[in-house]
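Undergrad: There's a structure below that I have some questions on.
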Amino acid sequence: SSFLVFAPSYFQYMSTKLTSGGKDPCCLAKIFGVYQLVIKNAGAALNSTNASKDIRIDLMVMENIFYAKTISRIYDLKGSIRSRYNAEPTASNAVLLDENLLETLPASPILVRQEARAKLERALWRDTAFLAHLGVMDYSLLVGIDETNNDLVVGIIDYIRQYTWDKQLETWVKSSGILGGAGKVPTIISPKQYMKRFRIAMMVYFTLVPSNEPLQESLDPEAM
């Protein structure tokens, strides 16, 4: 039901990106389809008292932004440092989080040229403004490091969740420190707050390659 509300605006937004001929870059990982899987009479297999009960599972198929790439490191970044640390960073297929990246940045920064960083900044600003207008938050920037080809692969994922009353309650509980974690901004905040925090963090995460070119002025992180 969330996607049905989100879909018309999403398709309109993506159509403008796809027809721009690459002049209007976009970081949103494409949605290929939304399906509902129905398992008939699943209750019998689960030894449920209701043997005829069906189980329904909603599935979303999204673009694999790492297709045909040789990815050596993967980050899932939200711009938050609350519960954003993978304690097993060397595990096979480990997905690293914000705190893992901040831990390694001083010694191993993610270097990008000014032109590429400015293009990424413009795309992130437009995409996050679009999501904020729709009341969407809690999305991530999925980042892959392809060291073989010296490529940085990025895409915004998990951008369907809207800021409903239960998320507002979660924000209040985490901000109050009732459940611990006082002093850290909660992961779940309002869409506009999330947008601003996300933008600021992403520009911190990607370091400019030193050059003699004059620095370009950064965009306003609060701009809609």
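Just so we're on the same page: first chain in the structure tokens is A, next is B, and so on; residues restart at 1 for each chain, and ligands are numbered from 1 in the order they show up.
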May I have the residues within 8 Å of Asp158 of chain A as a PyMOL selection string, using only C-alpha atoms and disregarding those fewer than 3 positions away in the same chain?

TA: chain A and resi 138-140+161

Undergrad: Against segment 199-220 of chain A, which residues of segment 64-163 of chain A fall within 7 Å? For each one I want the closest pair of atoms and the distance in Å (one decimal), counting only C-alpha atoms, rows by chain and increasing residue number, as CSV.

TA:
```
residue,atom,partner,partner_atom,distance
A:Gly79,CA,A:Ala201,CA,4.9
A:Pro109,CA,A:Thr207,CA,6.4
A:Ile110,CA,A:Phe206,CA,5.3
A:Leu111,CA,A:Thr207,CA,4.8
A:Val112,CA,A:Leu208,CA,5.2
A:Arg113,CA,A:Val209,CA,5.2
A:Gln114,CA,A:Leu208,CA,6.0
```

Undergrad: Mind writing the picked residues with N, CA and C atoms as an mmCIF file, in the first residue's frame?

TA:
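Result written to again.cif:
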```cif
data_model
loop_
_atom_site.group_PDB
_atom_site.id
_atom_site.type_symbol
_atom_site.label_atom_id
_atom_site.label_comp_id
_atom_site.auth_asym_id
_atom_site.auth_seq_id
_atom_site.Cartn_x
_atom_site.Cartn_y
_atom_site.Cartn_z
ATOM 1 N N GLY A 79 24.179 8.588 7.319
ATOM 2 C CA GLY A 79 24.507 9.877 7.918
ATOM 3 C C GLY A 79 24.262 9.909 9.408
ATOM 4 N N PRO A 109 40.823 7.589 2.989
ATOM 5 C CA PRO A 109 39.649 8.355 2.550
ATOM 6 C C PRO A 109 39.122 7.876 1.189
ATOM 7 N N ILE A 110 37.850 8.145 0.938
ATOM 8 C CA ILE A 110 37.271 7.887 -0.378
ATOM 9 C C ILE A 110 37.475 9.152 -1.207
ATOM 10 N N LEU A 111 38.430 9.092 -2.126
ATOM 11 C CA LEU A 111 38.816 10.267 -2.893
ATOM 12 C C LEU A 111 38.016 10.377 -4.186
ATOM 13 N N VAL A 112 37.483 11.572 -4.454
ATOM 14 C CA VAL A 112 36.754 11.828 -5.701
ATOM 15 C C VAL A 112 37.209 13.170 -6.273
ATOM 16 N N ARG A 113 37.191 13.268 -7.596
ATOM 17 C CA ARG A 113 37.549 14.533 -8.246
ATOM 18 C C ARG A 113 36.412 15.536 -8.070
ATOM 19 N N GLN A 114 36.757 16.814 -8.154
ATOM 20 C CA GLN A 114 35.781 17.868 -7.894
ATOM 21 C C GLN A 114 34.580 17.781 -8.837
#
```

Undergrad: Out of A:Leu101, A:Leu77, A:Ile39, A:Met14, which residue has the shortest atom-to-atom distance to Leu142 of chain A when counting only C-alpha atoms?

TA: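 Going through A:Leu101, A:Leu77, A:Ile39, A:Met14 one by one, the smallest distance to Leu142 of chain A is for A:Leu77.
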
Undergrad: Can you tell me, as a PyMOL selection string, what residues are no more than 8 Å from Asp54 of chain A when counting only C-alpha atoms, ignoring any on the same chain fewer than 2 positions away?

TA: chain A and resi 38-43+52+56

Undergrad: Quick one: pull the distance between atom CA of Leu152 of chain A and atom CA of Asp76 of chain A, Å, one decimal.

TA: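 Atom CA of Asp76 of chain A lies 13.5 Å from atom CA of Leu152 of chain A.
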
Undergrad: Pick the closest to Phe198 of chain A from A:Ser80, A:Asn100, A:Ser92, A:Ser108: which is it, counting only C-alpha atoms?

TA: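 For Phe198 of chain A, the nearest of the candidates is A:Ser80.
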
Undergrad: Name the residues in contact with segment 86-89 of chain A at a cut-off of 12 Å, using only C-alpha atoms, excluding same-chain residues fewer than 2 positions from it; report them as number ranges by chain.

TA: A: 73-77, 81-84, 91-101, 103-104

Undergrad: Ranking A:Lys192, A:Lys23, A:Arg197, A:Lys30 by minimum distance to Ala129 of chain A and counting only C-alpha atoms, which one comes first?

TA: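 Comparing A:Lys192, A:Lys23, A:Arg197, A:Lys30 against Ala129 of chain A, the winner is A:Lys192.
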
Undergrad: Quick one: of A:Gln12, A:Gln193, A:Ser72, A:Thr90, who's nearest to Asp146 of chain A, counting only C-alpha atoms?

TA: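 Using only C-alpha atoms, the shortest distance to Asp146 of chain A belongs to A:Ser72.
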
Undergrad: Atom CA of Glu63 of chain A and atom CA of Gly22 of chain A are how many Å apart?

TA: 17.6 Å

Undergrad: Between atom CA of Pro221 of chain A and atom CA of Ser2 of chain A, what is the distance in Å, rounded to a tenth?

TA: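 Atom-to-atom, atom CA of Pro221 of chain A to atom CA of Ser2 of chain A, that is 26.9 Å.
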
Undergrad: Tell me, which residues of segment 26-146 of chain A carry DSSP strand (DSSP E or B), written as a ChimeraX atom specification?

TA: /A:28,31-39,55-62,73-77,95-96,110-112,136,140-146

Undergrad: Between A:Leu28, A:Ala107, A:Ala123, A:Val143, single out the one closest to Phe11 of chain A, counting only C-alpha atoms.

TA: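 Looking at the shortest contact to Phe11 of chain A, the residue is A:Leu28.
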